Amino acid sequence: MFNPRFARFKFGIISLFIGLGVRLLYLLYGCFSQCPLKKLLCSCPENVSVSVPVTDLLPTAGGESLTCKFFQELVNILMDYIFKSNERSSKILDFHHPHQLKEGLEGFSLDLPDHPEPLEQILVDCRDTLKYGVKTGHPRFFNQLSSGLDLVGLAGQWLTSTANTNMFTYEVSPVFLLMEEVLLKKMQSIVGWCEEEGDGIFCPGGAVSNLYSLLVARYDFYPEVKTKGMCALPRLALFTSEHSHYSVRKAAAVLGMGSDSVQVVPCDERYPSVPSVPHRSRCVQGLVPFYVNATAGTTVYGAFDPLTAIADVCDRHKLWLHVDAAWGGGLLMSRRHQGKLQGIERASSVTWNPHKLMGAPLQCSAILIKKRGLLQECNQLCAEYLFQSDKHYDISYDTGDKTIQCGRHVDVFKLWLMWKAKGSEGFGSQVNKCLENAEYLFKQLQRRADFKLVFESKPEHSNVCFWYLPPSLRGLPPGPDTNRRLHEVAPQIKAKMMEEGTTLIGYQPLGSNVNFFRCVFSNPATQHEDVDFLLEEIARLGSNL
Ligand code: ABU
């Protein structure tokens with residue numbers, strides 16, 4: 001029924017918001033017209049042509065105007081991409097098969113020329129590279145644990161590339177190394193370690209972080225391994241759940257223990273059965289147990305291993321406890337969800353990837369080691385051309401010898417800058433939003449007859465796993481034949497999805513579960529309307545299967 005008082009009230013509220021919006025735009029314009037970026041862009045000459053060779057850029061004398069123009073054009077290309085990534089109607093990908101990209105498309109050629117191409121062509125190459133790539137920042141990209149495009153993080157990444165330095169010594173990375181120390185201390189305190197505890201390093205991805213944990217754990221028990229190798233050690237055993245990340249097995253193989261040294265702890269639906277984690281004093285098939293990996297946020301199900309119970313077993317049997325919180329670590333930023341990692345403070349090492357749930361641009365992954373000094377002892381070789389002991393500053397900041405790398409990318413600045421821009425609270429809200437989206441999807445799936453959840457209980461993380469049931473499979477009795485047909489549904493829908501490029505989601509089989517979709521939320525740009533779109537799109541693409 002029409003209520004004139006309510007209508008006047010609504011009109012008043014709408015007018016207020018429009019008024020505020022106009023003022024805000026005016027204010028932003030005012031700020032922009034004063035801002036250094038505007039001044040820089042406006043100082044770039046308009047009449048400079050980029051149809052010249054790259055050799056005319058700086059450091060060629062007088063190359064300032066052209067350099068400025070080149071970057072202005074590049075910024076335009078990047079801005080166009082960023083705007084498109086945020087437009088729901090734009091495609092996430094313009095899919096082509098590898099042979100098509102290799103053959104070349106509309107002037108875009110991967111071949112490397114003998115003669116220089118003009119800057120104009122270089123800019124076209126930049127644009128085309130983005131055109132045929134995947135917009136992982138699109139609100140409807142659900143394919144990977146890392147998604148979204150944090151603009152402050154992007155600014156940080158750009159600054160890092162501009163600085164173009166190496167993280168091995170303080171003499172070439174003074175500010176970045178101190179930022180790394182600040183970040184590691186902050187993350188260690190969030191994990192729950194005390195002031196005197198904690199060491200770590202940022203390294204290239206969660207798999208490498210996990211490899212570090214195994215490397216350092218082995219060194220802690222058997223320091224002779226560094227010089228004598230595996231032949232000086234008993235055959236070792238390590239433990240990890242069947243749903244843990246494959247990098248644990250890979251690390252065992254890389255480190256010469258062999259992937260057979262990994263004892264896979266079976267899972268009861270989502271969780272490992274703790275009692276089967278072993279005793280260090282007792283050999284398991286002739287192997288000596290020394291290390292347990294517990295996962296905080298499994299890759300597919302987003303499940304949290306029972307950390308406290310596993311820590312009890314590790315304490316009792318003096319085993320190294322590593323927590324792979326590559327995916328789940330972000331939940332520590334949320335007061336609402338951090339309790340799911342109860343017990344992580346008892347870990348001897350932790351993997352935590354801010355490039356996943358915290359949205360830092362790829363890549364940004366930390367290995368945190370509780371015992372200080374171990375990383376350095378384990379890895380240092382004191383190459384004198386880099387790590388001279390007679391430098392005039394505090395050489396403990398030459399942290400490069402802690403790593404297994406020599407050259408190391410600056411992965412910290414973007415995270416440090418994002419932390420400044422959001423504060424810890426901002427990260428907390430971002431994480432909460434991702435998990436709220438997961439809960440929303442879960443509720444939608446509960447209501448629909450054309451989808452089936454893999455787990456009936458509420459998701460712990462932002463992973464939601466489900467099957468789509470096409471009309472031809474609805475109502476069929478469960479059994480091997482139905483399963484065989486269901487197994488083919490997700491790949492067929494995914495193929496169509498990639499061809500159409502409207503959204504993107506991953507699928508996989510796991511254990512006895514045939515191919516199912518895994519939706520993950522880590523992009524704060526995603527809204528409920530995108531979740532609704534995803535379900536409608538899967539139903540549309542699968543309607544005739
Ligand atoms: N464990 C690396 C990330 C895998 C994923 O995005 O699904």
# chains A, B, ... in the order shown; residues from 1 in each chain; ligands from 1
call {"tool": "select_by_dssp", "arguments": {"residues": "range 147-247 of chain A", "states": "helix (DSSP H, G or I)", "output": "PyMOL selection string"}}
result
chain A and resi 151-163+174-191+206-221+225-228+230-232+247
call {"tool": "select_by_dssp", "arguments": {"residues": "range 147-344 of chain A", "states": "strand (DSSP E)", "output": "ChimeraX atom specification"}}
result
/A:199-203,236-241,262-265,267-268,271-272,288-295,320-324
call {"tool": "closest_atom_pairs", "arguments": {"of": "chain A", "to": "ligand 1", "cutoff": "6 Å", "atoms": "only C-alpha atoms and all ligand atoms", "output": "tab-separated table"}}
result
residue	atom	partner	partner_atom_place_in_ligand_line	distance
A:Gln144	CA	ligand 1	6 (O)	3.5
A:Leu145	CA	ligand 1	6 (O)	3.8
A:Ser146	CA	ligand 1	6 (O)	5.9
call {"tool": "residues_around", "arguments": {"residues": "Val292 in chain A", "least_positions_apart": "3", "cutoff": "10 Å", "atoms": "only C-alpha atoms", "output": "PyMOL selection string"}}
result
chain A and resi 214+217+237-241+262-263+277-278+289+295+310-311+313-314+319-323+347
call {"tool": "write_last_selection", "arguments": {"atoms": "N, CA, C and O atoms", "output": "PDB file, in the first residue's frame"}}
result
ATOM      1  N   LEU A 214      60.693 -28.446   5.803  1.00  0.00           N
ATOM      2  CA  LEU A 214      61.253 -29.801   5.866  1.00  0.00           C
ATOM      3  C   LEU A 214      62.779 -29.751   5.933  1.00  0.00           C
ATOM      4  O   LEU A 214      63.416 -30.494   6.692  1.00  0.00           O
ATOM      5  N   ALA A 217      63.721 -28.495   9.464  1.00  0.00           N
ATOM      6  CA  ALA A 217      63.394 -29.515  10.473  1.00  0.00           C
ATOM      7  C   ALA A 217      64.448 -30.630  10.442  1.00  0.00           C
ATOM      8  O   ALA A 217      64.970 -31.053  11.478  1.00  0.00           O
ATOM      9  N   ALA A 237      61.035 -40.594   8.195  1.00  0.00           N
ATOM     10  CA  ALA A 237      59.613 -40.636   7.834  1.00  0.00           C
ATOM     11  C   ALA A 237      58.973 -39.315   8.224  1.00  0.00           C
ATOM     12  O   ALA A 237      59.306 -38.729   9.267  1.00  0.00           O
ATOM     13  N   LEU A 238      58.093 -38.840   7.382  1.00  0.00           N
ATOM     14  CA  LEU A 238      57.316 -37.661   7.739  1.00  0.00           C
ATOM     15  C   LEU A 238      55.851 -37.962   7.472  1.00  0.00           C
ATOM     16  O   LEU A 238      55.525 -38.876   6.721  1.00  0.00           O
ATOM     17  N   PHE A 239      54.999 -37.164   8.080  1.00  0.00           N
ATOM     18  CA  PHE A 239      53.568 -37.479   8.084  1.00  0.00           C
ATOM     19  C   PHE A 239      52.760 -36.290   7.609  1.00  0.00           C
ATOM     20  O   PHE A 239      53.028 -35.150   7.971  1.00  0.00           O
ATOM     21  N   THR A 240      51.798 -36.608   6.800  1.00  0.00           N
ATOM     22  CA  THR A 240      50.923 -35.545   6.301  1.00  0.00           C
ATOM     23  C   THR A 240      49.600 -36.200   5.898  1.00  0.00           C
ATOM     24  O   THR A 240      49.567 -37.405   5.607  1.00  0.00           O
ATOM     25  N   SER A 241      48.547 -35.433   5.872  1.00  0.00           N
ATOM     26  CA  SER A 241      47.243 -36.055   5.608  1.00  0.00           C
ATOM     27  C   SER A 241      47.035 -36.250   4.106  1.00  0.00           C
ATOM     28  O   SER A 241      47.682 -35.600   3.278  1.00  0.00           O
ATOM     29  N   VAL A 262      57.147 -40.311   2.850  1.00  0.00           N
ATOM     30  CA  VAL A 262      55.945 -39.610   3.320  1.00  0.00           C
ATOM     31  C   VAL A 262      54.869 -40.629   3.680  1.00  0.00           C
ATOM     32  O   VAL A 262      54.424 -41.415   2.839  1.00  0.00           O
ATOM     33  N   GLN A 263      54.487 -40.616   4.933  1.00  0.00           N
ATOM     34  CA  GLN A 263      53.427 -41.499   5.393  1.00  0.00           C
ATOM     35  C   GLN A 263      52.122 -40.712   5.304  1.00  0.00           C
ATOM     36  O   GLN A 263      51.982 -39.671   5.958  1.00  0.00           O
ATOM     37  N   VAL A 277      49.078 -40.546  13.682  1.00  0.00           N
ATOM     38  CA  VAL A 277      50.353 -39.814  13.633  1.00  0.00           C
ATOM     39  C   VAL A 277      51.291 -40.522  14.621  1.00  0.00           C
ATOM     40  O   VAL A 277      50.889 -40.859  15.726  1.00  0.00           O
ATOM     41  N   PRO A 278      52.511 -40.778  14.244  1.00  0.00           N
ATOM     42  CA  PRO A 278      53.354 -41.774  14.901  1.00  0.00           C
ATOM     43  C   PRO A 278      54.289 -41.255  15.986  1.00  0.00           C
ATOM     44  O   PRO A 278      54.278 -40.075  16.309  1.00  0.00           O
ATOM     45  N   PRO A 289      60.526 -41.448  12.289  1.00  0.00           N
ATOM     46  CA  PRO A 289      59.647 -40.281  12.154  1.00  0.00           C
ATOM     47  C   PRO A 289      60.293 -39.029  12.745  1.00  0.00           C
ATOM     48  O   PRO A 289      60.961 -39.102  13.769  1.00  0.00           O
ATOM     49  N   THR A 295      47.644 -29.311   8.055  1.00  0.00           N
ATOM     50  CA  THR A 295      47.175 -28.298   7.104  1.00  0.00           C
ATOM     51  C   THR A 295      46.076 -27.447   7.730  1.00  0.00           C
ATOM     52  O   THR A 295      45.093 -27.969   8.251  1.00  0.00           O
ATOM     53  N   ILE A 310      47.082 -32.542  17.152  1.00  0.00           N
ATOM     54  CA  ILE A 310      48.311 -32.952  16.442  1.00  0.00           C
ATOM     55  C   ILE A 310      49.537 -32.419  17.196  1.00  0.00           C
ATOM     56  O   ILE A 310      50.549 -33.117  17.337  1.00  0.00           O
ATOM     57  N   ALA A 311      49.413 -31.188  17.719  1.00  0.00           N
ATOM     58  CA  ALA A 311      50.536 -30.617  18.492  1.00  0.00           C
ATOM     59  C   ALA A 311      50.809 -31.457  19.735  1.00  0.00           C
ATOM     60  O   ALA A 311      51.973 -31.646  20.122  1.00  0.00           O
ATOM     61  N   VAL A 313      50.431 -34.679  20.063  1.00  0.00           N
ATOM     62  CA  VAL A 313      51.164 -35.880  19.624  1.00  0.00           C
ATOM     63  C   VAL A 313      52.623 -35.507  19.330  1.00  0.00           C
ATOM     64  O   VAL A 313      53.561 -36.219  19.736  1.00  0.00           O
ATOM     65  N   CYS A 314      52.815 -34.374  18.659  1.00  0.00           N
ATOM     66  CA  CYS A 314      54.185 -33.956  18.309  1.00  0.00           C
ATOM     67  C   CYS A 314      55.007 -33.660  19.558  1.00  0.00           C
ATOM     68  O   CYS A 314      56.181 -34.019  19.636  1.00  0.00           O
ATOM     69  N   LEU A 319      58.372 -34.496  17.821  1.00  0.00           N
ATOM     70  CA  LEU A 319      58.371 -34.368  16.358  1.00  0.00           C
ATOM     71  C   LEU A 319      58.251 -32.886  15.992  1.00  0.00           C
ATOM     72  O   LEU A 319      57.639 -32.107  16.723  1.00  0.00           O
ATOM     73  N   TRP A 320      58.792 -32.541  14.885  1.00  0.00           N
ATOM     74  CA  TRP A 320      58.666 -31.165  14.376  1.00  0.00           C
ATOM     75  C   TRP A 320      57.239 -31.012  13.847  1.00  0.00           C
ATOM     76  O   TRP A 320      56.785 -31.828  13.038  1.00  0.00           O
ATOM     77  N   LEU A 321      56.560 -29.962  14.280  1.00  0.00           N
ATOM     78  CA  LEU A 321      55.217 -29.707  13.750  1.00  0.00           C
ATOM     79  C   LEU A 321      55.265 -28.522  12.790  1.00  0.00           C
ATOM     80  O   LEU A 321      55.598 -27.393  13.186  1.00  0.00           O
ATOM     81  N   HIS A 322      54.959 -28.806  11.549  1.00  0.00           N
ATOM     82  CA  HIS A 322      54.821 -27.722  10.574  1.00  0.00           C
ATOM     83  C   HIS A 322      53.335 -27.525  10.303  1.00  0.00           C
ATOM     84  O   HIS A 322      52.602 -28.510  10.129  1.00  0.00           O
ATOM     85  N   VAL A 323      52.896 -26.259  10.281  1.00  0.00           N
ATOM     86  CA  VAL A 323      51.512 -26.000   9.876  1.00  0.00           C
ATOM     87  C   VAL A 323      51.529 -25.307   8.518  1.00  0.00           C
ATOM     88  O   VAL A 323      52.064 -24.206   8.373  1.00  0.00           O
ATOM     89  N   ALA A 347      53.266 -24.615  16.649  1.00  0.00           N
ATOM     90  CA  ALA A 347      54.028 -25.135  15.495  1.00  0.00           C
ATOM     91  C   ALA A 347      55.492 -24.705  15.576  1.00  0.00           C
ATOM     92  O   ALA A 347      55.816 -23.637  16.094  1.00  0.00           O
TER      93      ALA A 347
END
call {"tool": "atom_distance", "arguments": {"atom1": "CA of Cys519 in chain A", "atom2": "CA of Leu183 in chain A"}}
result
29.8 Å
call {"tool": "residues_around", "arguments": {"residues": "Lys414 in chain A", "least_positions_apart": "4", "cutoff": "12 Å", "atoms": "only C-alpha atoms", "output": "compact mmCIF listing (two decimals) with all heavy atoms, in the first residue's frame"}}
result
# COMPACT_ATOMS: atom_id res chain seq x y z
N LEU A 149 42.43 -8.09 -7.62
CA LEU A 149 43.53 -7.21 -7.98
C LEU A 149 43.51 -6.04 -7.01
O LEU A 149 42.75 -5.09 -7.17
CB LEU A 149 43.39 -6.72 -9.44
CG LEU A 149 44.52 -5.82 -9.93
CD1 LEU A 149 45.88 -6.52 -9.84
CD2 LEU A 149 44.28 -5.39 -11.37
N ASP A 150 44.33 -6.17 -5.98
CA ASP A 150 44.40 -5.11 -4.98
C ASP A 150 45.24 -3.97 -5.55
O ASP A 150 46.41 -4.14 -5.89
CB ASP A 150 45.05 -5.66 -3.70
CG ASP A 150 44.95 -4.65 -2.59
OD1 ASP A 150 45.75 -3.68 -2.59
OD2 ASP A 150 44.08 -4.79 -1.72
N LEU A 151 44.62 -2.79 -5.64
CA LEU A 151 45.29 -1.70 -6.37
C LEU A 151 46.47 -1.12 -5.61
O LEU A 151 47.46 -0.71 -6.22
CB LEU A 151 44.27 -0.63 -6.74
CG LEU A 151 43.21 -1.15 -7.74
CD1 LEU A 151 42.22 -0.07 -8.11
CD2 LEU A 151 43.84 -1.74 -9.00
N VAL A 152 46.38 -1.11 -4.29
CA VAL A 152 47.54 -0.64 -3.53
C VAL A 152 48.68 -1.66 -3.66
O VAL A 152 49.85 -1.30 -3.83
CB VAL A 152 47.16 -0.38 -2.04
CG1 VAL A 152 48.40 -0.08 -1.21
CG2 VAL A 152 46.17 0.77 -1.96
N GLY A 153 48.30 -2.93 -3.62
CA GLY A 153 49.30 -3.99 -3.83
C GLY A 153 49.94 -3.87 -5.20
O GLY A 153 51.15 -4.03 -5.36
N LEU A 154 49.11 -3.55 -6.19
CA LEU A 154 49.62 -3.38 -7.55
C LEU A 154 50.60 -2.20 -7.61
O LEU A 154 51.67 -2.29 -8.21
CB LEU A 154 48.46 -3.15 -8.52
CG LEU A 154 48.81 -2.80 -9.95
CD1 LEU A 154 49.59 -3.92 -10.62
CD2 LEU A 154 47.55 -2.48 -10.75
N ALA A 155 50.23 -1.11 -6.93
CA ALA A 155 51.12 0.06 -6.88
C ALA A 155 52.45 -0.36 -6.24
O ALA A 155 53.53 0.03 -6.70
CB ALA A 155 50.47 1.18 -6.09
N GLY A 156 52.35 -1.18 -5.20
CA GLY A 156 53.56 -1.65 -4.52
C GLY A 156 54.42 -2.49 -5.45
O GLY A 156 55.65 -2.36 -5.50
N GLN A 157 53.74 -3.34 -6.21
CA GLN A 157 54.46 -4.21 -7.14
C GLN A 157 55.19 -3.36 -8.20
O GLN A 157 56.32 -3.66 -8.58
CB GLN A 157 53.43 -5.11 -7.84
CG GLN A 157 54.00 -6.17 -8.71
CD GLN A 157 53.94 -7.52 -8.04
OE1 GLN A 157 54.64 -7.76 -7.06
NE2 GLN A 157 53.12 -8.40 -8.54
N TRP A 158 54.52 -2.33 -8.63
CA TRP A 158 55.10 -1.47 -9.65
C TRP A 158 56.33 -0.75 -9.09
O TRP A 158 57.38 -0.65 -9.75
CB TRP A 158 54.04 -0.48 -10.16
CG TRP A 158 54.36 0.11 -11.49
CD1 TRP A 158 55.45 -0.20 -12.28
CD2 TRP A 158 53.62 1.10 -12.19
NE1 TRP A 158 55.42 0.55 -13.42
CE2 TRP A 158 54.32 1.35 -13.40
CE3 TRP A 158 52.44 1.80 -11.94
CZ2 TRP A 158 53.86 2.29 -14.33
CZ3 TRP A 158 51.99 2.73 -12.87
CH2 TRP A 158 52.69 2.96 -14.06
N LEU A 159 56.17 -0.28 -7.85
CA LEU A 159 57.31 0.39 -7.23
C LEU A 159 58.49 -0.57 -7.09
O LEU A 159 59.64 -0.24 -7.38
CB LEU A 159 56.90 0.95 -5.86
CG LEU A 159 57.99 1.76 -5.15
CD1 LEU A 159 57.36 2.93 -4.39
CD2 LEU A 159 58.85 0.93 -4.21
N THR A 160 58.17 -1.79 -6.66
CA THR A 160 59.23 -2.80 -6.50
C THR A 160 59.97 -3.04 -7.80
O THR A 160 61.20 -3.10 -7.83
CB THR A 160 58.59 -4.14 -6.03
OG1 THR A 160 57.98 -3.91 -4.77
CG2 THR A 160 59.60 -5.23 -5.92
N SER A 161 59.21 -3.14 -8.89
CA SER A 161 59.85 -3.38 -10.19
C SER A 161 60.68 -2.18 -10.62
O SER A 161 61.70 -2.33 -11.29
CB SER A 161 58.80 -3.68 -11.26
OG SER A 161 58.13 -4.86 -10.91
N PHE A 176 63.79 -2.44 2.02
CA PHE A 176 62.97 -3.65 1.84
C PHE A 176 63.32 -4.72 2.88
O PHE A 176 62.44 -5.43 3.36
CB PHE A 176 63.15 -4.21 0.43
CG PHE A 176 62.65 -3.30 -0.67
CD1 PHE A 176 63.39 -3.09 -1.83
CD2 PHE A 176 61.44 -2.63 -0.55
CE1 PHE A 176 62.93 -2.26 -2.85
CE2 PHE A 176 60.96 -1.79 -1.56
CZ PHE A 176 61.72 -1.61 -2.70
N MET A 179 61.67 -3.78 6.05
CA MET A 179 60.23 -4.03 5.92
C MET A 179 59.94 -5.53 6.09
O MET A 179 58.95 -5.92 6.71
CB MET A 179 59.71 -3.59 4.55
CG MET A 179 59.58 -2.10 4.43
SD MET A 179 59.21 -1.66 2.74
CE MET A 179 58.89 0.09 2.94
N GLU A 180 60.81 -6.35 5.52
CA GLU A 180 60.62 -7.80 5.66
C GLU A 180 60.67 -8.20 7.13
O GLU A 180 59.84 -8.98 7.61
CB GLU A 180 61.70 -8.56 4.87
CG GLU A 180 61.53 -10.07 4.99
CD GLU A 180 62.46 -10.86 4.06
OE1 GLU A 180 63.67 -10.57 4.04
OE2 GLU A 180 61.96 -11.78 3.38
N LEU A 183 57.43 -7.14 8.81
CA LEU A 183 56.31 -8.03 8.42
C LEU A 183 56.42 -9.39 9.09
O LEU A 183 55.43 -9.93 9.60
CB LEU A 183 56.28 -8.21 6.91
CG LEU A 183 55.67 -7.06 6.10
CD1 LEU A 183 55.95 -7.25 4.62
CD2 LEU A 183 54.16 -6.96 6.34
N PRO A 354 50.29 -14.61 1.99
CA PRO A 354 49.42 -13.43 1.87
C PRO A 354 48.89 -13.22 0.44
O PRO A 354 47.95 -12.47 0.25
CB PRO A 354 50.33 -12.27 2.30
CG PRO A 354 51.34 -12.92 3.19
CD PRO A 354 51.59 -14.26 2.58
N HIS A 355 49.47 -13.91 -0.54
CA HIS A 355 48.93 -13.73 -1.91
C HIS A 355 47.66 -14.55 -2.13
O HIS A 355 47.08 -14.50 -3.21
CB HIS A 355 49.98 -14.03 -2.99
CG HIS A 355 50.41 -15.46 -3.12
ND1 HIS A 355 51.72 -15.84 -3.27
CD2 HIS A 355 49.73 -16.62 -3.14
CE1 HIS A 355 51.81 -17.15 -3.39
NE2 HIS A 355 50.60 -17.64 -3.31
N MET A 358 44.64 -12.95 1.64
CA MET A 358 44.84 -11.53 1.95
C MET A 358 44.92 -10.67 0.69
O MET A 358 44.99 -9.44 0.78
CB MET A 358 46.09 -11.35 2.83
CG MET A 358 45.88 -11.87 4.25
SD MET A 358 47.43 -11.97 5.16
CE MET A 358 47.74 -10.24 5.50
N GLY A 359 44.96 -11.32 -0.46
CA GLY A 359 44.84 -10.58 -1.73
C GLY A 359 46.09 -9.85 -2.18
O GLY A 359 46.00 -9.01 -3.08
N ALA A 360 47.25 -10.15 -1.60
CA ALA A 360 48.48 -9.50 -2.09
C ALA A 360 48.77 -10.02 -3.50
O ALA A 360 48.55 -11.20 -3.78
CB ALA A 360 49.66 -9.80 -1.17
N PRO A 361 49.24 -9.15 -4.39
CA PRO A 361 49.57 -9.64 -5.73
C PRO A 361 50.61 -10.75 -5.66
O PRO A 361 51.47 -10.76 -4.78
CB PRO A 361 50.14 -8.40 -6.43
CG PRO A 361 49.55 -7.24 -5.71
CD PRO A 361 49.44 -7.68 -4.27
N LEU A 362 50.51 -11.67 -6.61
CA LEU A 362 51.46 -12.80 -6.64
C LEU A 362 52.88 -12.28 -6.89
O LEU A 362 53.04 -11.38 -7.69
CB LEU A 362 51.09 -13.75 -7.78
CG LEU A 362 49.94 -14.71 -7.46
CD1 LEU A 362 49.32 -15.22 -8.74
CD2 LEU A 362 50.41 -15.84 -6.58
N GLN A 363 53.93 -12.81 -6.26
CA GLN A 363 53.68 -13.77 -5.22
C GLN A 363 54.19 -13.23 -3.91
O GLN A 363 55.04 -12.36 -3.89
CB GLN A 363 54.29 -15.14 -5.53
CG GLN A 363 55.68 -15.15 -5.99
CD GLN A 363 55.99 -16.57 -6.54
OE1 GLN A 363 55.20 -17.48 -6.61
NE2 GLN A 363 57.21 -16.73 -6.92
N CYS A 364 53.62 -13.78 -2.84
CA CYS A 364 53.94 -13.26 -1.52
C CYS A 364 53.68 -14.39 -0.53
O CYS A 364 52.54 -14.64 -0.16
CB CYS A 364 53.06 -12.05 -1.25
SG CYS A 364 53.54 -11.13 0.20
N SER A 365 54.74 -15.08 -0.18
CA SER A 365 54.60 -16.26 0.67
C SER A 365 55.71 -16.27 1.71
O SER A 365 56.87 -16.03 1.39
CB SER A 365 54.72 -17.51 -0.20
OG SER A 365 54.75 -18.67 0.60
N HIS A 409 63.58 -11.99 -5.20
CA HIS A 409 62.68 -10.91 -5.58
C HIS A 409 62.16 -10.20 -4.32
O HIS A 409 61.99 -10.82 -3.27
CB HIS A 409 61.51 -11.51 -6.37
CG HIS A 409 60.62 -10.51 -6.99
ND1 HIS A 409 59.38 -10.20 -6.49
CD2 HIS A 409 60.79 -9.73 -8.08
CE1 HIS A 409 58.82 -9.28 -7.25
NE2 HIS A 409 59.66 -8.98 -8.22
N VAL A 410 61.85 -8.92 -4.47
CA VAL A 410 61.25 -8.17 -3.35
C VAL A 410 59.75 -8.47 -3.34
O VAL A 410 59.00 -7.94 -4.16
CB VAL A 410 61.49 -6.65 -3.51
CG1 VAL A 410 60.86 -5.89 -2.35
CG2 VAL A 410 62.97 -6.34 -3.64
N MET A 418 50.06 -2.50 1.51
CA MET A 418 48.65 -2.86 1.71
C MET A 418 48.30 -2.80 3.19
O MET A 418 47.21 -2.36 3.57
CB MET A 418 48.39 -4.29 1.19
CG MET A 418 48.36 -4.41 -0.32
SD MET A 418 48.33 -6.13 -0.84
CE MET A 418 46.71 -6.66 -0.32
N TRP A 419 49.22 -3.27 4.02
CA TRP A 419 48.95 -3.27 5.47
C TRP A 419 48.80 -1.84 5.97
O TRP A 419 47.95 -1.52 6.79
CB TRP A 419 50.10 -3.99 6.21
CG TRP A 419 49.64 -4.78 7.41
CD1 TRP A 419 48.88 -4.31 8.45
CD2 TRP A 419 49.88 -6.16 7.69
NE1 TRP A 419 48.66 -5.31 9.36
CE2 TRP A 419 49.26 -6.46 8.92
CE3 TRP A 419 50.58 -7.17 7.03
CZ2 TRP A 419 49.30 -7.72 9.50
CZ3 TRP A 419 50.63 -8.43 7.61
CH2 TRP A 419 49.99 -8.70 8.83
N LYS A 420 49.65 -0.94 5.44
CA LYS A 420 49.54 0.48 5.79
C LYS A 420 48.17 1.01 5.37
O LYS A 420 47.54 1.78 6.07
CB LYS A 420 50.61 1.29 5.04
CG LYS A 420 52.00 1.15 5.60
CD LYS A 420 52.21 2.17 6.69
CE LYS A 420 53.65 2.17 7.17
NZ LYS A 420 53.83 3.04 8.33
N ALA A 421 47.74 0.61 4.16
CA ALA A 421 46.51 1.18 3.59
C ALA A 421 45.25 0.62 4.24
O ALA A 421 44.24 1.31 4.34
CB ALA A 421 46.47 0.92 2.09
call {"tool": "atom_distance", "arguments": {"atom1": "CA of Phe442 in chain A", "atom2": "CA of Ser462 in chain A"}}
result
9.9 Å
call {"tool": "residues_around", "arguments": {"residues": "Ser85 in chain A", "least_positions_apart": "5", "cutoff": "7 Å", "atoms": "only C-alpha atoms", "output": "list of chain:residue names"}}
result
A:Lys135, A:Gly137, A:His138
call {"tool": "atom_distance", "arguments": {"atom1": "CA of Tyr468 in chain A", "atom2": "CA of Gly297 in chain A"}}
result
23.9 Å
call {"tool": "closest_residue", "arguments": {"among": "A:Asp411, A:Asp199, A:Glu120, A:Asp128", "to": "Gly373 in chain A", "atoms": "only C-alpha atoms"}}
result
A:Asp199
call {"tool": "closest_residue", "arguments": {"among": "A:Glu500, A:His528, A:Leu130, A:Val124", "to": "Lys84 in chain A", "atoms": "only C-alpha atoms"}}
result
A:Leu130
